[in-house]
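Containing mmCIF, C-alpha atoms and all ligand atoms: upload_3.cif.
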data_data
loop_
_atom_site.group_PDB
_atom_site.id
_atom_site.type_symbol
_atom_site.label_atom_id
_atom_site.label_comp_id
_atom_site.auth_asym_id
_atom_site.auth_seq_id
_atom_site.Cartn_x
_atom_site.Cartn_y
_atom_site.Cartn_z
ATOM 1 C CA MET A 1 -63.301 -8.127 -88.626
ATOM 2 C CA LYS A 2 -65.081 -8.734 -91.914
ATOM 3 C CA ARG A 3 -67.567 -6.088 -93.009
ATOM 4 C CA ALA A 4 -70.995 -6.729 -94.598
ATOM 5 C CA LEU A 5 -73.322 -4.146 -96.099
ATOM 6 C CA VAL A 6 -77.035 -4.915 -96.449
ATOM 7 C CA THR A 7 -79.244 -2.502 -98.384
ATOM 8 C CA ALA A 8 -82.824 -2.120 -97.134
ATOM 9 C CA GLY A 9 -81.490 -3.626 -93.930
ATOM 10 C CA ALA A 10 -83.591 -1.826 -91.327
ATOM 11 C CA SER A 11 -86.557 -4.212 -91.582
ATOM 12 C CA GLY A 12 -87.790 -7.440 -93.124
ATOM 13 C CA ILE A 13 -85.337 -9.752 -94.903
ATOM 14 C CA GLY A 14 -82.526 -7.175 -94.768
ATOM 15 C CA PHE A 15 -82.804 -6.823 -91.003
ATOM 16 C CA ALA A 16 -82.662 -10.617 -90.622
ATOM 17 C CA MET A 17 -79.548 -10.576 -92.829
ATOM 18 C CA GLY A 18 -77.984 -7.926 -90.575
ATOM 19 C CA GLU A 19 -78.670 -10.076 -87.528
ATOM 20 C CA ALA A 20 -77.297 -13.212 -89.203
ATOM 21 C CA PHE A 21 -74.108 -11.489 -90.366
ATOM 22 C CA ALA A 22 -73.603 -9.980 -86.896
ATOM 23 C CA GLN A 23 -74.016 -13.427 -85.382
ATOM 24 C CA ALA A 24 -71.459 -14.778 -87.869
ATOM 25 C CA GLY A 25 -68.955 -12.193 -86.570
ATOM 26 C CA TYR A 26 -69.225 -9.496 -89.230
ATOM 27 C CA GLU A 27 -69.271 -5.751 -88.712
ATOM 28 C CA VAL A 28 -72.700 -4.829 -90.110
ATOM 29 C CA TRP A 29 -73.647 -1.778 -92.144
ATOM 30 C CA VAL A 30 -77.248 -1.286 -93.239
ATOM 31 C CA THR A 31 -79.050 1.275 -95.348
ATOM 32 C CA ASP A 32 -82.705 2.137 -95.582
ATOM 33 C CA VAL A 33 -85.077 5.021 -96.336
ATOM 34 C CA ASP A 34 -87.217 4.516 -93.231
ATOM 35 C CA ASP A 35 -85.782 6.733 -90.479
ATOM 36 C CA ALA A 36 -87.813 5.137 -87.688
ATOM 37 C CA ALA A 37 -86.677 1.646 -88.699
ATOM 38 C CA LEU A 38 -83.063 2.810 -88.972
ATOM 39 C CA ALA A 39 -83.307 4.220 -85.440
ATOM 40 C CA ARG A 40 -84.419 0.792 -84.180
ATOM 41 C CA CYS A 41 -81.308 -0.971 -85.537
ATOM 42 C CA PRO A 42 -78.836 -2.258 -82.916
ATOM 43 C CA ASP A 43 -76.262 0.310 -81.757
ATOM 44 C CA ALA A 44 -73.460 -1.963 -82.915
ATOM 45 C CA TRP A 45 -74.555 -1.567 -86.549
ATOM 46 C CA THR A 46 -73.681 1.367 -88.785
ATOM 47 C CA ALA A 47 -77.047 2.492 -90.120
ATOM 48 C CA ARG A 48 -77.326 5.070 -92.904
ATOM 49 C CA ARG A 49 -80.262 6.722 -94.657
ATOM 50 C CA VAL A 50 -79.549 5.895 -98.297
ATOM 51 C CA ASP A 51 -82.001 5.476 -101.157
ATOM 52 C CA SER A 52 -80.710 2.523 -103.185
ATOM 53 C CA SER A 53 -81.928 4.117 -106.419
ATOM 54 C CA ASP A 54 -80.019 7.387 -105.848
ATOM 55 C CA ASP A 55 -76.609 7.330 -107.506
ATOM 56 C CA GLY A 56 -75.193 10.244 -105.476
ATOM 57 C CA GLN A 57 -76.278 8.771 -102.140
ATOM 58 C CA MET A 58 -74.941 5.329 -103.032
ATOM 59 C CA ARG A 59 -71.598 6.740 -104.205
ATOM 60 C CA ALA A 60 -71.236 8.701 -100.940
ATOM 61 C CA LEU A 61 -72.044 5.558 -98.918
ATOM 62 C CA PHE A 62 -69.397 3.485 -100.668
ATOM 63 C CA ASP A 63 -66.867 6.340 -100.303
ATOM 64 C CA GLU A 64 -67.517 6.217 -96.552
ATOM 65 C CA ILE A 65 -67.128 2.426 -96.524
ATOM 66 C CA SER A 66 -63.886 2.722 -98.468
ATOM 67 C CA VAL A 67 -62.495 5.150 -95.873
ATOM 68 C CA ALA A 68 -63.600 2.709 -93.143
ATOM 69 C CA GLY A 69 -61.427 -0.001 -94.753
ATOM 70 C CA GLY A 70 -63.508 -1.637 -97.488
ATOM 71 C CA LEU A 71 -66.084 -4.346 -97.785
ATOM 72 C CA ASP A 72 -66.116 -8.156 -97.784
ATOM 73 C CA VAL A 73 -69.813 -8.716 -98.522
ATOM 74 C CA VAL A 74 -72.553 -6.674 -100.083
ATOM 75 C CA CYS A 75 -76.158 -7.846 -100.011
ATOM 76 C CA ALA A 76 -78.032 -5.932 -102.710
ATOM 77 C CA ASN A 77 -81.383 -6.495 -101.083
ATOM 78 C CA ALA A 78 -83.491 -3.365 -101.694
ATOM 79 C CA GLY A 79 -86.543 -3.961 -103.821
ATOM 80 C CA VAL A 80 -90.068 -2.588 -103.978
ATOM 81 C CA ALA A 81 -93.096 -4.666 -104.911
ATOM 82 C CA GLY A 82 -94.461 -2.143 -107.392
ATOM 83 C CA PRO A 83 -98.059 -1.972 -108.547
ATOM 84 C CA THR A 84 -100.426 -4.944 -108.734
ATOM 85 C CA ALA A 85 -102.231 -4.340 -112.014
ATOM 86 C CA HIS A 86 -102.718 -5.601 -115.538
ATOM 87 C CA VAL A 87 -99.931 -4.346 -117.750
ATOM 88 C CA GLU A 88 -102.107 -1.754 -119.519
ATOM 89 C CA ASP A 89 -102.918 -0.166 -116.164
ATOM 90 C CA VAL A 90 -99.307 0.151 -114.952
ATOM 91 C CA ALA A 91 -98.248 3.813 -114.893
ATOM 92 C CA TRP A 92 -94.874 4.624 -116.440
ATOM 93 C CA ASP A 93 -93.739 6.342 -113.239
ATOM 94 C CA ASP A 94 -94.634 3.245 -111.178
ATOM 95 C CA TRP A 95 -92.675 1.056 -113.621
ATOM 96 C CA LYS A 96 -89.641 3.343 -113.294
ATOM 97 C CA THR A 97 -89.729 3.478 -109.481
ATOM 98 C CA CYS A 98 -89.938 -0.300 -109.196
ATOM 99 C CA VAL A 99 -87.158 -0.955 -111.712
ATOM 100 C CA ASP A 100 -84.922 1.854 -110.400
ATOM 101 C CA VAL A 101 -84.969 0.571 -106.808
ATOM 102 C CA THR A 102 -85.106 -3.166 -107.483
ATOM 103 C CA LEU A 103 -82.668 -3.454 -110.401
ATOM 104 C CA GLY A 104 -80.937 -0.051 -110.398
ATOM 105 C CA GLY A 105 -80.135 -0.383 -106.693
ATOM 106 C CA ALA A 106 -78.471 -3.752 -107.288
ATOM 107 C CA PHE A 107 -76.472 -2.296 -110.177
ATOM 108 C CA LEU A 108 -75.228 0.599 -108.008
ATOM 109 C CA CYS A 109 -74.136 -1.858 -105.285
ATOM 110 C CA ALA A 110 -72.081 -3.775 -107.824
ATOM 111 C CA LYS A 111 -70.718 -0.660 -109.516
ATOM 112 C CA TYR A 112 -69.347 0.793 -106.297
ATOM 113 C CA ALA A 113 -68.382 -2.445 -104.512
ATOM 114 C CA ALA A 114 -66.399 -3.833 -107.461
ATOM 115 C CA PRO A 115 -63.362 -1.501 -107.294
ATOM 116 C CA MET A 116 -63.021 -2.029 -103.522
ATOM 117 C CA MET A 117 -63.341 -5.802 -103.806
ATOM 118 C CA LYS A 118 -60.962 -5.938 -106.778
ATOM 119 C CA ALA A 119 -58.365 -4.042 -104.752
ATOM 120 C CA ALA A 120 -58.811 -6.565 -101.918
ATOM 121 C CA GLY A 121 -58.716 -9.545 -104.325
ATOM 122 C CA GLN A 122 -61.854 -10.992 -102.777
ATOM 123 C CA GLY A 123 -65.502 -10.326 -102.053
ATOM 124 C CA ALA A 124 -68.987 -11.768 -102.167
ATOM 125 C CA ILE A 125 -72.004 -10.121 -103.763
ATOM 126 C CA VAL A 126 -75.383 -11.561 -102.780
ATOM 127 C CA LEU A 127 -78.337 -10.230 -104.724
ATOM 128 C CA THR A 128 -81.931 -10.666 -103.603
ATOM 129 C CA SER A 129 -84.047 -11.706 -106.563
ATOM 130 C CA SER A 130 -87.385 -13.520 -106.169
ATOM 131 C CA THR A 131 -89.458 -16.389 -107.482
ATOM 132 C CA ALA A 132 -90.771 -13.508 -109.623
ATOM 133 C CA GLY A 133 -87.308 -13.550 -111.237
ATOM 134 C CA VAL A 134 -87.782 -17.193 -112.249
ATOM 135 C CA PHE A 135 -91.444 -17.290 -113.275
ATOM 136 C CA GLY A 136 -93.796 -14.843 -114.909
ATOM 137 C CA TYR A 137 -96.089 -13.141 -112.399
ATOM 138 C CA PRO A 138 -99.468 -11.979 -113.694
ATOM 139 C CA ASN A 139 -100.242 -8.409 -112.552
ATOM 140 C CA ARG A 140 -96.623 -7.762 -111.467
ATOM 141 C CA ALA A 141 -94.870 -6.817 -114.717
ATOM 142 C CA PRO A 142 -92.368 -4.235 -113.357
ATOM 143 C CA TYR A 143 -91.380 -6.338 -110.344
ATOM 144 C CA SER A 144 -90.985 -9.567 -112.280
ATOM 145 C CA ALA A 145 -88.999 -7.834 -115.042
ATOM 146 C CA ALA A 146 -86.712 -6.184 -112.476
ATOM 147 C CA LYS A 147 -86.107 -9.458 -110.614
ATOM 148 C CA TRP A 148 -85.250 -11.262 -113.877
ATOM 149 C CA GLY A 149 -82.885 -8.347 -114.500
ATOM 150 C CA VAL A 150 -81.224 -8.914 -111.121
ATOM 151 C CA ILE A 151 -80.392 -12.467 -112.229
ATOM 152 C CA GLY A 152 -78.955 -11.253 -115.533
ATOM 153 C CA LEU A 153 -76.877 -8.726 -113.613
ATOM 154 C CA MET A 154 -75.667 -11.411 -111.199
ATOM 155 C CA LYS A 155 -74.632 -13.770 -114.038
ATOM 156 C CA THR A 156 -72.639 -10.962 -115.639
ATOM 157 C CA LEU A 157 -70.997 -9.950 -112.348
ATOM 158 C CA ALA A 158 -69.953 -13.549 -111.713
ATOM 159 C CA MET A 159 -68.257 -13.712 -115.141
ATOM 160 C CA GLU A 160 -66.673 -10.256 -115.002
ATOM 161 C CA LEU A 161 -65.505 -10.302 -111.405
ATOM 162 C CA GLY A 162 -64.719 -13.998 -110.882
ATOM 163 C CA PRO A 163 -61.153 -13.599 -112.195
ATOM 164 C CA PHE A 164 -60.598 -11.068 -109.384
ATOM 165 C CA GLY A 165 -61.703 -13.498 -106.670
ATOM 166 C CA ILE A 166 -65.161 -11.978 -106.353
ATOM 167 C CA ARG A 167 -68.250 -14.209 -106.291
ATOM 168 C CA ALA A 168 -71.821 -13.236 -107.115
ATOM 169 C CA ASN A 169 -74.956 -15.252 -106.410
ATOM 170 C CA ALA A 170 -78.673 -14.533 -106.280
ATOM 171 C CA ILE A 171 -81.222 -15.745 -103.763
ATOM 172 C CA CYS A 172 -84.823 -16.152 -104.873
ATOM 173 C CA PRO A 173 -87.071 -15.975 -101.825
ATOM 174 C CA GLY A 174 -90.553 -17.373 -102.118
ATOM 175 C CA ALA A 175 -93.412 -15.701 -100.297
ATOM 176 C CA VAL A 176 -91.992 -14.518 -96.954
ATOM 177 C CA GLU A 177 -94.236 -14.302 -93.892
ATOM 178 C CA GLY A 178 -94.454 -10.660 -92.780
ATOM 179 C CA PRO A 179 -95.916 -7.214 -93.381
ATOM 180 C CA ARG A 180 -94.748 -6.835 -96.982
ATOM 181 C CA MET A 181 -96.439 -10.067 -98.056
ATOM 182 C CA GLU A 182 -99.601 -9.090 -96.156
ATOM 183 C CA GLY A 183 -99.786 -5.971 -98.332
ATOM 184 C CA VAL A 184 -99.275 -8.038 -101.490
ATOM 185 C CA LEU A 185 -101.965 -10.524 -100.402
ATOM 186 C CA GLU A 186 -104.459 -7.754 -99.760
ATOM 187 C CA ARG A 187 -103.753 -5.978 -103.063
ATOM 188 C CA GLU A 188 -103.982 -9.234 -105.028
ATOM 189 C CA ALA A 189 -107.196 -10.191 -103.259
ATOM 190 C CA ALA A 190 -108.709 -6.834 -104.251
ATOM 191 C CA ALA A 191 -107.423 -7.081 -107.845
ATOM 192 C CA LYS A 192 -108.771 -10.620 -108.309
ATOM 193 C CA GLY A 193 -111.968 -10.380 -106.255
ATOM 194 C CA MET A 194 -110.730 -13.074 -103.848
ATOM 195 C CA THR A 195 -110.310 -13.204 -100.080
ATOM 196 C CA ARG A 196 -106.913 -12.642 -98.518
ATOM 197 C CA ASP A 197 -106.927 -16.224 -97.189
ATOM 198 C CA ALA A 198 -107.658 -17.676 -100.619
ATOM 199 C CA VAL A 199 -104.719 -15.773 -102.092
ATOM 200 C CA TYR A 200 -102.525 -16.973 -99.193
ATOM 201 C CA GLU A 201 -103.543 -20.585 -99.852
ATOM 202 C CA GLY A 202 -102.806 -20.085 -103.546
ATOM 203 C CA TYR A 203 -99.225 -19.080 -102.755
ATOM 204 C CA ALA A 204 -98.689 -21.846 -100.194
ATOM 205 C CA SER A 205 -100.189 -24.561 -102.394
ATOM 206 C CA GLY A 206 -97.880 -23.481 -105.257
ATOM 207 C CA THR A 207 -94.960 -24.908 -103.244
ATOM 208 C CA SER A 208 -94.052 -28.576 -102.747
ATOM 209 C CA LEU A 209 -93.589 -27.953 -99.007
ATOM 210 C CA ARG A 210 -96.980 -26.121 -98.874
ATOM 211 C CA THR A 211 -95.383 -23.215 -97.059
ATOM 212 C CA PHE A 212 -94.366 -19.590 -96.907
ATOM 213 C CA VAL A 213 -90.733 -18.993 -95.865
ATOM 214 C CA THR A 214 -89.189 -16.769 -93.175
ATOM 215 C CA ALA A 215 -86.773 -13.855 -93.376
ATOM 216 C CA GLU A 216 -84.325 -15.950 -91.340
ATOM 217 C CA ASP A 217 -84.368 -18.669 -94.030
ATOM 218 C CA ILE A 218 -83.156 -16.095 -96.554
ATOM 219 C CA ALA A 219 -80.620 -14.564 -94.171
ATOM 220 C CA ASN A 220 -79.062 -17.953 -93.426
ATOM 221 C CA MET A 221 -78.557 -18.567 -97.131
ATOM 222 C CA ALA A 222 -76.948 -15.122 -97.561
ATOM 223 C CA VAL A 223 -74.429 -15.852 -94.799
ATOM 224 C CA PHE A 224 -73.664 -19.252 -96.332
ATOM 225 C CA LEU A 225 -73.138 -17.755 -99.807
ATOM 226 C CA ALA A 226 -70.737 -15.208 -98.325
ATOM 227 C CA SER A 227 -68.794 -17.827 -96.356
ATOM 228 C CA ASN A 228 -65.754 -19.950 -97.181
ATOM 229 C CA GLY A 229 -68.116 -22.907 -97.345
ATOM 230 C CA ALA A 230 -69.324 -21.430 -100.634
ATOM 231 C CA GLN A 231 -65.903 -20.354 -101.906
ATOM 232 C CA ARG A 232 -66.387 -22.130 -105.244
ATOM 233 C CA VAL A 233 -70.044 -21.201 -105.655
ATOM 234 C CA SER A 234 -70.640 -18.306 -108.042
ATOM 235 C CA GLY A 235 -73.094 -17.357 -110.760
ATOM 236 C CA GLN A 236 -75.881 -19.358 -109.102
ATOM 237 C CA VAL A 237 -79.566 -18.733 -108.581
ATOM 238 C CA ILE A 238 -80.574 -20.283 -105.256
ATOM 239 C CA SER A 239 -84.275 -20.517 -104.501
ATOM 240 C CA VAL A 240 -85.314 -20.478 -100.855
ATOM 241 C CA ASP A 241 -88.991 -20.921 -101.436
ATOM 242 C CA GLY A 242 -90.296 -24.287 -100.240
ATOM 243 C CA HIS A 243 -89.802 -25.464 -103.844
ATOM 244 C CA THR A 244 -92.094 -23.321 -105.911
ATOM 245 C CA GLU A 245 -93.097 -24.964 -109.185
ATOM 246 C CA ASN A 246 -96.071 -22.874 -110.119
ATOM 247 C CA PRO A 247 -96.460 -19.701 -108.049
ATOM 248 C CA ASP A 248 -99.668 -18.217 -109.382
ATOM 249 C CA PRO A 249 -100.863 -19.129 -112.849
ATOM 250 C CA LYS A 250 -104.147 -17.172 -112.622
ATOM 251 C CA PRO A 251 -104.012 -13.707 -114.181
HETATM 252 P P1 LIG A 301 -89.883 -4.784 -97.138
HETATM 253 O O1 LIG A 301 -90.987 -4.305 -98.026
HETATM 254 O O2 LIG A 301 -90.195 -5.337 -95.791
HETATM 255 O O3 LIG A 301 -88.846 -3.614 -97.082
HETATM 256 C C1 LIG A 301 -87.605 -3.749 -96.453
HETATM 257 C C2 LIG A 301 -87.016 -2.365 -96.326
HETATM 258 O O4 LIG A 301 -86.723 -1.788 -97.614
HETATM 259 C C3 LIG A 301 -87.914 -1.338 -95.623
HETATM 260 O O5 LIG A 301 -87.332 -0.986 -94.374
HETATM 261 C C4 LIG A 301 -87.947 -0.169 -96.594
HETATM 262 O O6 LIG A 301 -87.930 1.088 -95.940
HETATM 263 C C5 LIG A 301 -86.702 -0.400 -97.407
HETATM 264 N N1 LIG A 301 -86.659 0.330 -98.684
HETATM 265 C C6 LIG A 301 -87.705 0.573 -99.499
HETATM 266 N N2 LIG A 301 -87.275 1.313 -100.550
HETATM 267 C C7 LIG A 301 -85.951 1.518 -100.373
HETATM 268 C C8 LIG A 301 -84.971 2.228 -101.113
HETATM 269 N N3 LIG A 301 -85.275 2.882 -102.248
HETATM 270 N N4 LIG A 301 -83.705 2.250 -100.652
HETATM 271 C C9 LIG A 301 -83.384 1.618 -99.486
HETATM 272 N N5 LIG A 301 -84.276 0.949 -98.741
HETATM 273 C C10 LIG A 301 -85.553 0.895 -99.183
HETATM 274 O O7 LIG A 301 -89.083 -5.858 -97.993
HETATM 275 P P2 LIG A 301 -88.662 -7.377 -97.691
HETATM 276 O O8 LIG A 301 -89.862 -8.231 -97.736
HETATM 277 O O9 LIG A 301 -87.750 -7.424 -96.543
HETATM 278 O O10 LIG A 301 -87.869 -7.652 -99.050
HETATM 279 C C11 LIG A 301 -86.474 -7.484 -99.182
HETATM 280 C C12 LIG A 301 -86.084 -7.968 -100.557
HETATM 281 O O11 LIG A 301 -86.557 -9.306 -100.752
HETATM 282 C C13 LIG A 301 -86.666 -7.146 -101.699
HETATM 283 O O12 LIG A 301 -85.724 -7.063 -102.753
HETATM 284 C C14 LIG A 301 -87.863 -7.965 -102.130
HETATM 285 O O13 LIG A 301 -88.229 -7.693 -103.456
HETATM 286 C C15 LIG A 301 -87.317 -9.359 -101.950
HETATM 287 N N6 LIG A 301 -88.362 -10.391 -101.822
HETATM 288 C C16 LIG A 301 -89.277 -10.340 -100.820
HETATM 289 C C17 LIG A 301 -90.224 -11.332 -100.733
HETATM 290 C C18 LIG A 301 -91.284 -11.331 -99.652
HETATM 291 O O14 LIG A 301 -92.208 -12.170 -99.709
HETATM 292 N N7 LIG A 301 -91.201 -10.448 -98.659
HETATM 293 C C19 LIG A 301 -90.239 -12.391 -101.672
HETATM 294 C C20 LIG A 301 -89.283 -12.409 -102.670
HETATM 295 C C21 LIG A 301 -88.336 -11.407 -102.743
#
Whole structure given in structure tokens:
Amino acid sequence: MKRALVTAGASGIGFAMGEAFAQAGYEVWVTDVDDAALARCPDAWTARRVDSSDDGQMRALFDEISVAGGLDVVCANAGVAGPTAHVEDVAWDDWKTCVDVTLGGAFLCAKYAAPMMKAAGQGAIVLTSSTAGVFGYPNRAPYSAAKWGVIGLMKTLAMELGPFGIRANAICPGAVEGPRMEGVLEREAAAKGMTRDAVYEGYASGTSLRTFVTAEDIANMAVFLASNGAQRVSGQVISVDGHTENPDPKP
């Protein structure tokens, strides 16, 4: 049975990825820092409390996976939204937390998955970026910078690891319906003196399909990118965002 690891997999997009990989016949491993959410994961999954930005915890996780027989797919999905503020008001510690989890966590996935996948002569790395990794996002400097970094990391992984049969691709979700986006909407509304609904409409109207997306939309793309159907797809940035041309031009 193929094995897939999803970081930040106990809720949101990561949980949907876990469900989609399980449905596709994979053995699913997930990590998270939320104990209650981890406890709610299906019994069939291997769920571990691991902070994606902690090198020691990530190394121990991959050691355990190696003993269990290795890894076919890793979804480097952990990311935190970071502060919503003008750049001069972003605290250095908030910058570091956002970049450490969002970009550092993806780096640690690649660092520890690569030797296992090289030994197996195959593997798929799916990194969760964002429309914030394609556009600038006013008031979201750390998050946008980290998500652009995820794409740079992915491009490099695809070049370095391709000769070993390992593929790397990034998914850029648009605004996903759910609790995380509700928090973002409320913080942006407060920062801009707008209502939550007006901010919501701003996001939706920035897409050609006039829509938010769902966690399942992202999960389906992750399973496809890991599958044989995508065996010659690597180094790509795939947006699953209702076609976002202009996410939020108003600072
Ligand atoms: P979420 O905020 O719902 O969080 C998912 C999980 O991440 C939570 O269970 C949380 O406990 C866990 N987590 C937080 N910090 C962690 C850490 N240091 N280590 C391990 N787990 C941690 O997130 P989501 O909306 O499911 O987003 C998942 C990914 O998709 C993130 O990388 C996010 O940046 C990206 N993304 C989300 C959206 C969106 O609209 N929700 C849009 C674009 C990109």
Reference answer for the PyMOL selection byres (((not hetatm)) within 7 of (chain A and resi 301)), as a PyMOL selection string: chain A and resi 7-14+31-34+37+50-53+77-81+101-102+128-131+172-181
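Our summary of the geometry notes that atom CA of A:Met221 is positioned 16.8 Å from atom CA of A:Thr244.
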Selection result for the PyMOL selection byres (((chain A and resi 158-166) around 7) and not hetatm) on this file, as a list in words: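 Listing what the PyMOL selection byres (((chain A and resi 158-166) around 7) and not hetatm) selects in the shown file: Met117, Lys118, Gly121, Gln122, Gly123, Ala124, Met154, Lys155, Thr156, Leu157, Arg167, Ala168, Ser234 and Gly235 of chain A.
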Picked residues, the PyMOL selection byres (((chain A and resi 196) around 10) and not hetatm), expected as a PyMOL selection string: chain A and resi 182-190+193-195+197-202
Two-atom distance - atom CA of A:Cys41, atom CA of A:Pro83 (Å):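 The value is 28.5 Å.
From atom CA of A:Ala170 back to atom CA of A:Ile238, the distance works out to 6.1 Å.
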Work out where the centre of an axis-aligned box around every listed atom of stretch 160-168 of chain A lies and how long its edges are once 5 Å is added on each side; give both in Å to one decimal as AutoDock Vina command-line options.
--center_x -66.2 --center_y -12.2 --center_z -110.6 --size_x 21.2 --size_y 14.0 --size_z 18.7
Have a look at A:Ala20, A:Ala47, A:Val74, A:Ala146 and name the one nearest to A:Thr97; count only C-alpha atoms.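 Closest to A:Thr97, using only C-alpha atoms: A:Ala146.
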Using all atoms listed in the file, can you tell me which of A:Ala22, A:Ala110, A:Ala36, A:Ile125 comes closest to A:Arg49? A:Ala36
Write out, as a tab-separated table, each residue of stretch 115-233 of chain A that has an atom at most 10 Å from stretch 23-26 of chain A, together with the closest pair of atoms and their distance in Å to one decimal, counting all atoms listed in the file, rows going by chain and rising number.
residue	atom	partner	partner_atom	distance
A:Asn220	CA	A:Ala24	CA	9.9
A:Val223	CA	A:Ala24	CA	7.6
A:Phe224	CA	A:Ala24	CA	9.8
A:Ser227	CA	A:Ala24	CA	9.4
For stretch 99-116 of chain A, where the input has fewer atoms than it should, I would like N, CA and C atoms rebuilt and written as a PDB file, in the coordinates of the input.
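Saved file selection.pdb follows:
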ATOM      1  N   VAL A  99     -88.383  -0.477-111.053  1.00  0.00           N
ATOM      2  CA  VAL A  99     -87.158  -0.955-111.712  1.00  0.00           C
ATOM      3  C   VAL A  99     -85.938  -0.206-111.169  1.00  0.00           C
ATOM      4  N   ASP A 100     -86.070   1.078-110.894  1.00  0.00           N
ATOM      5  CA  ASP A 100     -84.922   1.854-110.400  1.00  0.00           C
ATOM      6  C   ASP A 100     -84.438   1.343-109.051  1.00  0.00           C
ATOM      7  N   VAL A 101     -85.371   1.048-108.141  1.00  0.00           N
ATOM      8  CA  VAL A 101     -84.969   0.571-106.808  1.00  0.00           C
ATOM      9  C   VAL A 101     -84.497  -0.888-106.899  1.00  0.00           C
ATOM     10  N   THR A 102     -85.304  -1.714-107.540  1.00  0.00           N
ATOM     11  CA  THR A 102     -85.106  -3.166-107.483  1.00  0.00           C
ATOM     12  C   THR A 102     -83.917  -3.617-108.331  1.00  0.00           C
ATOM     13  N   LEU A 103     -83.787  -3.066-109.533  1.00  0.00           N
ATOM     14  CA  LEU A 103     -82.668  -3.454-110.401  1.00  0.00           C
ATOM     15  C   LEU A 103     -81.559  -2.401-110.364  1.00  0.00           C
ATOM     16  N   GLY A 104     -81.943  -1.123-110.433  1.00  0.00           N
ATOM     17  CA  GLY A 104     -80.937  -0.051-110.398  1.00  0.00           C
ATOM     18  C   GLY A 104     -80.148  -0.075-109.104  1.00  0.00           C
ATOM     19  N   GLY A 105     -80.827  -0.345-107.992  1.00  0.00           N
ATOM     20  CA  GLY A 105     -80.135  -0.383-106.693  1.00  0.00           C
ATOM     21  C   GLY A 105     -79.105  -1.500-106.639  1.00  0.00           C
ATOM     22  N   ALA A 106     -79.423  -2.634-107.255  1.00  0.00           N
ATOM     23  CA  ALA A 106     -78.471  -3.752-107.288  1.00  0.00           C
ATOM     24  C   ALA A 106     -77.269  -3.388-108.165  1.00  0.00           C
ATOM     25  N   PHE A 107     -77.555  -2.742-109.292  1.00  0.00           N
ATOM     26  CA  PHE A 107     -76.472  -2.296-110.177  1.00  0.00           C
ATOM     27  C   PHE A 107     -75.523  -1.336-109.447  1.00  0.00           C
ATOM     28  N   LEU A 108     -76.087  -0.378-108.704  1.00  0.00           N
ATOM     29  CA  LEU A 108     -75.228   0.599-108.008  1.00  0.00           C
ATOM     30  C   LEU A 108     -74.379  -0.084-106.937  1.00  0.00           C
ATOM     31  N   CYS A 109     -74.943  -1.085-106.252  1.00  0.00           N
ATOM     32  CA  CYS A 109     -74.136  -1.858-105.285  1.00  0.00           C
ATOM     33  C   CYS A 109     -72.925  -2.469-105.975  1.00  0.00           C
ATOM     34  N   ALA A 110     -73.171  -3.100-107.118  1.00  0.00           N
ATOM     35  CA  ALA A 110     -72.081  -3.775-107.824  1.00  0.00           C
ATOM     36  C   ALA A 110     -71.072  -2.758-108.354  1.00  0.00           C
ATOM     37  N   LYS A 111     -71.588  -1.685-108.916  1.00  0.00           N
ATOM     38  CA  LYS A 111     -70.718  -0.660-109.516  1.00  0.00           C
ATOM     39  C   LYS A 111     -69.730  -0.107-108.495  1.00  0.00           C
ATOM     40  N   TYR A 112     -70.223   0.151-107.287  1.00  0.00           N
ATOM     41  CA  TYR A 112     -69.347   0.793-106.297  1.00  0.00           C
ATOM     42  C   TYR A 112     -68.610  -0.205-105.408  1.00  0.00           C
ATOM     43  N   ALA A 113     -69.108  -1.436-105.297  1.00  0.00           N
ATOM     44  CA  ALA A 113     -68.382  -2.445-104.512  1.00  0.00           C
ATOM     45  C   ALA A 113     -67.214  -3.023-105.314  1.00  0.00           C
ATOM     46  N   ALA A 114     -67.392  -3.129-106.633  1.00  0.00           N
ATOM     47  CA  ALA A 114     -66.399  -3.833-107.461  1.00  0.00           C
ATOM     48  C   ALA A 114     -64.972  -3.284-107.298  1.00  0.00           C
ATOM     49  N   PRO A 115     -64.758  -1.980-107.399  1.00  0.00           N
ATOM     50  CA  PRO A 115     -63.362  -1.501-107.294  1.00  0.00           C
ATOM     51  C   PRO A 115     -62.727  -1.837-105.941  1.00  0.00           C
ATOM     52  N   MET A 116     -63.525  -1.722-104.872  1.00  0.00           N
ATOM     53  CA  MET A 116     -63.021  -2.029-103.522  1.00  0.00           C
ATOM     54  C   MET A 116     -62.662  -3.506-103.400  1.00  0.00           C
TER      55      MET A 116
END
